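Chemist: Shown below is the structure under consideration.
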Amino acid sequence: MGFLADYISTVYNSVKSLLIGMKRTGYYFTHHKEIITEEYPDNRATLKMADRFKGEVIMPHTETNEHRCTGCTACELACPNGTIKIITKFDITPEGKKKKAIDTFIYHLELCTLCNLCVDACPTGAIQMGQGFEHSVRNRADLTKVLNKPGSKVLEGVE
Amino acid sequence: MCNVAYGAYAIAKNFQIWDLNIGVLYVSAVSSFAVIGILMAGWSSNNKYSLLGAMRSGAQIVSYELSAGLSILTIVILTGSLKVSDIIQSQETGWWLFKGHIPALIAFVIYVIAITAETNRAPFDMAEAESELTAGFHTEYSGMRFAFFFLSEYINIFIACGIGATLFLGGWMPFHIGHWEAFNHIMDFIPSSVWFLGKVFFLIFVIMWFRWTFPRLRIDQLLNLEWKYLLPISLFNLLLMTVVAIMGWYF
Amino acid sequence: MDVNAKDPKSTFPGQVHSSPGGGIVVSKLDEVINWARSNSLWPLVFGTSCCAIEMMSAASAKYDFSRFGFEVTRATPRQADVIIISGTIVNKMAPVLKRLYDQMPEPKYVIAMGACATSGGPFFYNTYSVVKGADHVIPVDIYVAGCPPRPEALLHALISLQERVKEGL
Amino acid sequence: MKPLKTGNFQPMGAISLLLLICVGVAFAGGGILVSNLISRKSTNAQKGEPYECGVPTVGQSWIQFNVGYYLFALLFLIFDVELVFLYPWAVVVKELGMPALIEILVFMFILFLGFLYAHKKGALKWM
Amino acid sequence: MLKDILTTIAPTGTIDETGEILSLTIDAKDWREVAVQLRYHEGCKFDYLFCVTAVDWKTHFTMVYHFDATEGRQRLVVKAKINDRTNPEIETVCDIWRTAELHEREAYDLMGIKFLNHPDLRRLFLTDEWVGYPLRKDYDDPINMIKL
Amino acid sequence: MFEEVGRTETGDLIINIGPQHPATHGVLHLVITLNGETVKKIEPHLGYIHRSIEKMCESLTYRQYIYVTSRMDYLSSHINNHACALVVEKGLQIEVPQRAQYIRVILDELNRIASHLLWWGAIAMDVGAITPFFHAFRERELITDIMEETCGARLTMNFMVPGGTMMDIHPDFVKKTKAFLNFFKSKLPEYHELVTGNVIFKGRLEDVGVLSKEDAISYGTSGPVARASGVSCDVRKLYPYDVYSQINFEEAIETKGDCYARYKVRMKELEESIRIIEQLIDNIPEGEFQAKTKAVLKLPKGEYMTRVETARGDLGVYITSEGGTTPYRIKFRSPGFSNLSALDHMVRGSKIGDMVAIMGTLDLVIPDIDR
């Protein structure tokens, strides 16, 4: 009879464990409050990333089209995989001195790993981590960006 | 495309197009065609996953055919007819699930398990076994042919649940409770097709519920379950039902 | 590599677009088909590294990309419409990717997810085994930057892919 | 004892069933036809190959397969024949009463012995 | 003491205590005997081979084996020096520590060190057609490698 | 007749699992010899995601190379970064501030929970259940939110730098972590209801893929795989780093060595991780989060080896330095690589379904193996 008792208890315990599992999934089927789905494209207006979210590298410009980048290439050196290329030029200041400034600040978003090392390395705080994350394009070349706006200058007093 | 012919056959039953006097036998015969479709599909696609899936499902479906058949038999014993209309008529006073006592309940549970396995649904989806055999027997099929596999699977579920609803839950018979005339009356207002579809959908829901909840069995466990548990239990249950039927212990 | 299939001029059998008159019905049908296609893009389970986890996040409860009809991730390329290359492609993997892409039925789309798939990303310089961008192997429709991109970024890519499909490309 | 029901052939039923088969075939065939018409096609050498996770197949797929699967098919055959025998019995068991039960007990006992034999021989063990 | 045992096991080796872990430098020719002793000698029983590294020193190779003893909780680094740079060879230890099989295949693949009597010495990470051993210092691949 | 058929004598089927296969969790390629459903031999083929990280690191500075390692075992990227930071600190003898140590350990443990959660969803997915995957990701999203708020990224954080952490924790960090812990503790019983006690799940995992203690040591396994076989190998206990020496926690050890034991070990580790965080979260000391370091780090000539306990096991970072700004040779001893070597031994003779379960409980992350 021991065999039979074993047999029945196996069946009983198995069925019980299965029912417990079904109860749990059934609970979630009937409790819609637990649903946490974030409706992305519809909530775009209200969607806010975390403060420190690293979406892309940006270079903030003031209203007078000035940035803080002096072209010291600290970020370029700090970058582990050559995401940033800075092409410098020499501006002639009103006093007649030559001054190094950036010509183009090329940023390869397609290479960037958003590791924050360039922002850490920047002595003037010229670049920051931006919040944008919608970087899907049809052409890969669109991901290579120039961060300084055309005609922008270095902010006065940033060395 | 074997599954096409099978799909067509199987549709034939549940809408009472032809009230065969061996209806139940006919349906169970036709629905076992599924295995041929799957076996052929898997074997002919020259793919190892498909081959494995087909072989598995061959062993699986034929095995579970038995307990499904045996649980159908218990109801046949009670009604004494294979004709679908007779079976439904016999449940006018109450569904067999409730009238038939414990044996009917056991038969019902076994039937639900067996049809889950027969239709290759999780936790018995050995033929597909996505994490093992990528997509099993229909790995090599794409587009419309793949769609027909899916369609046939769901038609198959519908058929199997339809039989279940007919046999155990009284087909289109509304739900009646003893002598609550008022209650019974309200129930009668609901159209019979709604009753039938509602019951079928309930069974389909249960099968889907299984799918959410349970992990997949391994092939040897699957066959163990059938041959060591379901088959002996359903054989025993059949005898029990015979006794119940002969003694008239049902309502 | 059948790049021509993506040529807008040969999208549809019979070249109904060019026939004068009577083309309206068929081109409407074309639109309907494209709309249907765009709303049932089944991705292939193809994840090589980190981005695969974000792809899983996008599939799971919080982001749930099945809202857009990317419902069923298929394990076999025969049943998949879009391949999301989530992760680095190395030289050894490239033929495999190519084969998978070839085995997918038309129309097929490719999303290069993350920096590695777009350009080699962190492994662009000084590595001997990384393919510098999946588009060296198969034609890519949509590129997503980020390492790894957020699930929302992937959703954004999927939506832009839908638009692309609706355009009949 | 009631006489057994004899088959009353319903021509309408048979015809409608035939019709249904036609509808089924047309549905499937039409589906494939339409999908063939509107689908884009491409062929390449690798498309024709069997899919095996993206690497070339090693060896043949159609091999002599392990006997494990067939044993179950054989066992199924035994029990399915039994099932077929049971159907006519099940229809009349209520009328026949106790003798039928005893008869079927004997029948099942023999069957069960066979089942036990198969079990002891290890046919039910997966290999 | 471990140090005494090591001197008996490997009389020709040199023991260095300056690092974090005790390290023993031997010649590659002696490695097999030393390995057997390290594994089965009563005093050490280094049964856990933690890491196998090959280092290219431009003139020679060193195989670095990190050991742990799960019972005595001792640690040891063994460095086996392979002087022949053109055809580096060392005895395998994958029958003593079975984890070594994959580790040695890796070293063969990336450094080109041949393990004698290894049961299955093939490329592990790279394709079979690959030419050269990429982790060597003189490896150059102008096609695949873009220098920063 | 047999000669005619030509393949009768074995009846073996050679089947490729991977590189693109849902069960391999990435791009592992296994060549399996099958007889019927029984696995006769498994041969892993690696390298489908071999990204030459070791070669790359030879040209990266000690600040830069850390970020590559978060792509290695991306599920425990914090812990990888931690190991890399530790080895540099060891070489330069930098004293890491207490606050940084606390933050690091908390983040490590959060990362471990996230990793185990993903594993839990994946193992359930492997054996065929779907719902656990969604449950696991629901909790995991909360952790990634915390991570994102503090580190700025969800998966590959690059938050550790030699000498501490890159930034201070976000002001909401403590609050959110506590809220997560409470939520998670309330959900853990559900996990056990849904999966642990389930008879099918038990049937799939029990007595499957048994690895004896001797084999576990000989195959060099570590982490939960070794602990399930009764090997005490938790680096946090054996060679404690940062504040682990001050924390009171237990090493989860089972003795049976089968898949279910590995499952239980990981479930226990989840609870232990909660305990560790609870001990630390209220006592994060004030102070600096980063030690003062030079702008250019130069590791003195020598050899350095650090071991940390990742979610998968024992990660070793071995650096040979020639005194320059970049490592001369760097080797990552990844836990998955050694764990994988035991796969053939464990799977042989069991079914193909078991293979999936065993691979699931080994918790392989292929980029970690291939590097």
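If you're wondering about the labels, chains in the structure tokens are A, B, ... by order shown, residues count from 1 in each chain, ligands from 1 in order shown.
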Tell me, as a compact mmCIF listing (two decimals) with all heavy atoms, in the first residue's frame, which residues lie within 6 Å of Pro151 of chain C, counting only C-alpha atoms; anything in the same chain fewer than 2 positions away does not count.

Modeler:
```
# COMPACT_ATOMS: atom_id res chain seq x y z
N GLU C 54 19.00 44.99 -23.42
CA GLU C 54 18.07 46.09 -23.57
C GLU C 54 16.94 45.72 -24.51
O GLU C 54 15.81 46.18 -24.37
CB GLU C 54 18.80 47.34 -24.08
CG GLU C 54 19.74 47.95 -23.07
CD GLU C 54 19.05 48.42 -21.80
OE1 GLU C 54 18.60 47.56 -21.02
OE2 GLU C 54 18.96 49.63 -21.58
N ALA C 58 13.06 45.80 -23.69
CA ALA C 58 12.03 46.37 -24.55
C ALA C 58 10.93 45.35 -24.80
O ALA C 58 9.78 45.73 -25.03
CB ALA C 58 12.65 46.80 -25.88
N ALA C 153 14.73 54.08 -26.98
CA ALA C 153 15.42 54.37 -28.24
C ALA C 153 15.18 53.27 -29.24
O ALA C 153 15.02 53.52 -30.43
CB ALA C 153 16.92 54.53 -27.98
N LEU C 154 15.13 52.03 -28.74
CA LEU C 154 14.83 50.92 -29.65
C LEU C 154 13.41 51.04 -30.17
O LEU C 154 13.15 50.81 -31.36
CB LEU C 154 15.03 49.59 -28.93
CG LEU C 154 14.76 48.36 -29.77
CD1 LEU C 154 15.69 48.30 -30.95
CD2 LEU C 154 14.87 47.10 -28.97
```

Chemist: Which neighbours of Ile15 of chain E fall inside 9 Å, counting only C-alpha atoms, when residues of the same chain fewer than 4 positions from it are skipped, and could you give them as a PDB file with N, CA, C and O atoms, in the first residue's frame?

Modeler:
```pdb
ATOM      1  N   LYS E   3      57.138  27.427   1.335  1.00  0.00           N
ATOM      2  CA  LYS E   3      58.380  27.766   0.637  1.00  0.00           C
ATOM      3  C   LYS E   3      59.361  26.586   0.644  1.00  0.00           C
ATOM      4  O   LYS E   3      59.978  26.277  -0.373  1.00  0.00           O
ATOM      5  N   LEU E   6      58.233  24.013  -1.747  1.00  0.00           N
ATOM      6  CA  LEU E   6      58.486  24.413  -3.130  1.00  0.00           C
ATOM      7  C   LEU E   6      59.933  24.182  -3.504  1.00  0.00           C
ATOM      8  O   LEU E   6      60.239  23.767  -4.622  1.00  0.00           O
ATOM      9  N   THR E   7      60.838  24.419  -2.577  1.00  0.00           N
ATOM     10  CA  THR E   7      62.250  24.198  -2.912  1.00  0.00           C
ATOM     11  C   THR E   7      62.528  22.720  -3.128  1.00  0.00           C
ATOM     12  O   THR E   7      63.380  22.360  -3.937  1.00  0.00           O
ATOM     13  N   LEU E  22      52.919  34.433  -3.359  1.00  0.00           N
ATOM     14  CA  LEU E  22      54.202  33.762  -3.519  1.00  0.00           C
ATOM     15  C   LEU E  22      54.325  33.294  -4.958  1.00  0.00           C
ATOM     16  O   LEU E  22      53.400  32.717  -5.516  1.00  0.00           O
ATOM     17  N   SER E  23      55.472  33.550  -5.567  1.00  0.00           N
ATOM     18  CA  SER E  23      55.562  33.133  -6.954  1.00  0.00           C
ATOM     19  C   SER E  23      56.811  32.303  -7.163  1.00  0.00           C
ATOM     20  O   SER E  23      57.843  32.505  -6.528  1.00  0.00           O
ATOM     21  N   LEU E  24      56.675  31.342  -8.055  1.00  0.00           N
ATOM     22  CA  LEU E  24      57.752  30.394  -8.321  1.00  0.00           C
ATOM     23  C   LEU E  24      58.046  30.444  -9.807  1.00  0.00           C
ATOM     24  O   LEU E  24      57.148  30.291 -10.636  1.00  0.00           O
ATOM     25  N   THR E  25      59.300  30.713 -10.138  1.00  0.00           N
ATOM     26  CA  THR E  25      59.667  30.774 -11.546  1.00  0.00           C
ATOM     27  C   THR E  25      60.497  29.550 -11.894  1.00  0.00           C
ATOM     28  O   THR E  25      61.487  29.262 -11.217  1.00  0.00           O
ATOM     29  N   ILE E  26      60.061  28.839 -12.923  1.00  0.00           N
ATOM     30  CA  ILE E  26      60.799  27.649 -13.317  1.00  0.00           C
ATOM     31  C   ILE E  26      60.997  27.665 -14.813  1.00  0.00           C
ATOM     32  O   ILE E  26      60.437  28.501 -15.519  1.00  0.00           O
TER      33      ILE E  26
END
```

Chemist: What are the DSSP helix (DSSP H, G or I) residues of chain C, as a count of residues only?

Modeler: 78

Chemist: At a cut-off of 7 Å, list the chain F residues touching chain B, using only C-alpha atoms, as a short mmCIF file (atom, residue, chain, number, x, y, z; two decimals) with N, CA and C atoms, in the first residue's frame.

Modeler:
```cif
data_model
loop_
_atom_site.label_atom_id
_atom_site.label_comp_id
_atom_site.auth_asym_id
_atom_site.auth_seq_id
_atom_site.Cartn_x
_atom_site.Cartn_y
_atom_site.Cartn_z
N ILE F 15 24.19 17.79 -34.32
CA ILE F 15 23.30 18.93 -34.42
C ILE F 15 24.00 20.16 -33.86
N HIS F 21 20.66 31.00 -31.19
CA HIS F 21 19.72 30.04 -30.62
C HIS F 21 19.24 30.59 -29.29
N PRO F 22 17.96 30.49 -29.02
CA PRO F 22 17.45 31.10 -27.79
C PRO F 22 18.05 30.51 -26.52
N ALA F 23 18.51 29.28 -26.57
CA ALA F 23 18.97 28.66 -25.33
C ALA F 23 20.39 29.02 -24.99
N ALA F 124 13.74 30.27 -16.36
CA ALA F 124 12.34 29.89 -16.50
C ALA F 124 11.95 29.87 -17.98
N ASP F 126 13.99 29.25 -20.37
CA ASP F 126 14.64 28.10 -20.98
C ASP F 126 13.85 26.83 -20.78
N VAL F 127 13.31 26.66 -19.59
CA VAL F 127 12.53 25.45 -19.39
C VAL F 127 11.09 25.65 -19.81
N GLY F 128 10.76 26.80 -20.37
CA GLY F 128 9.49 26.91 -21.05
C GLY F 128 8.42 27.76 -20.40
N ALA F 129 8.70 28.38 -19.26
CA ALA F 129 7.69 29.24 -18.64
C ALA F 129 7.92 30.68 -19.07
N ILE F 130 6.86 31.40 -19.29
CA ILE F 130 7.01 32.75 -19.83
C ILE F 130 6.89 33.81 -18.75
N THR F 131 5.90 33.65 -17.89
CA THR F 131 5.59 34.70 -16.92
C THR F 131 6.78 35.13 -16.06
N ILE F 200 6.77 20.71 -12.06
CA ILE F 200 7.40 20.50 -13.37
C ILE F 200 8.81 21.07 -13.36
N PHE F 201 8.91 22.27 -12.77
CA PHE F 201 10.21 22.92 -12.70
C PHE F 201 11.19 22.07 -11.90
N ARG F 204 12.29 19.17 -13.86
CA ARG F 204 13.25 19.48 -14.90
C ARG F 204 14.66 19.70 -14.35
N GLY F 353 16.73 18.33 -23.58
CA GLY F 353 16.03 19.29 -22.73
C GLY F 353 16.82 19.60 -21.48
N VAL F 356 19.49 22.24 -21.99
CA VAL F 356 19.04 23.61 -21.91
C VAL F 356 18.96 24.05 -20.46
#
```

Chemist: Please, which residues of chain F lie no more than 9 Å from chain A when the count uses only C-alpha atoms, and can they be set out as number ranges by chain?

Modeler: F: 60-61, 63-65, 67-68, 131, 138, 145, 148-154, 156-159, 166, 170, 190, 193-195, 197-200

Chemist: Quick one: distance from atom CA of Thr326 of chain F to atom CA of Lys55 of chain F in Å, one decimal?

Modeler: 11.3 Å

Chemist: Within 7 Å of segment 60-69 of chain A, counting only C-alpha atoms, which residues show up once you throw out same-chain ones fewer than 3 positions away? Write them as number ranges by chain, please.

Modeler: A: 124-127, 152-155, 158

Chemist: Output N, CA and C atoms for every residue in the selection just made, as a CSV table (one decimal), in the first residue's frame.

Modeler:
```
chain,number,residue,atom,x,y,z
A,124,THR,N,36.9,73.1,-18.8
A,124,THR,CA,36.1,74.3,-18.8
A,124,THR,C,34.6,74.0,-18.7
A,125,GLY,N,34.3,72.7,-18.7
A,125,GLY,CA,32.8,72.4,-18.7
A,125,GLY,C,32.1,72.7,-19.9
A,126,ALA,N,32.8,72.6,-21.0
A,126,ALA,CA,32.2,72.9,-22.3
A,126,ALA,C,31.3,71.9,-22.8
A,127,ILE,N,31.6,70.7,-22.5
A,127,ILE,CA,30.7,69.6,-23.0
A,127,ILE,C,29.9,69.0,-21.8
A,152,SER,N,30.1,80.1,-34.0
A,152,SER,CA,30.1,80.3,-32.6
A,152,SER,C,31.5,80.6,-32.1
A,153,LYS,N,31.6,81.3,-31.0
A,153,LYS,CA,32.9,81.7,-30.4
A,153,LYS,C,33.0,81.2,-29.0
A,154,VAL,N,34.2,81.3,-28.6
A,154,VAL,CA,34.5,80.9,-27.2
A,154,VAL,C,34.0,82.1,-26.3
A,155,LEU,N,33.4,81.7,-25.2
A,155,LEU,CA,32.8,82.6,-24.2
A,155,LEU,C,34.0,83.4,-23.7
A,158,VAL,N,36.9,82.4,-20.8
A,158,VAL,CA,37.1,81.0,-20.5
A,158,VAL,C,38.5,80.6,-21.0
```
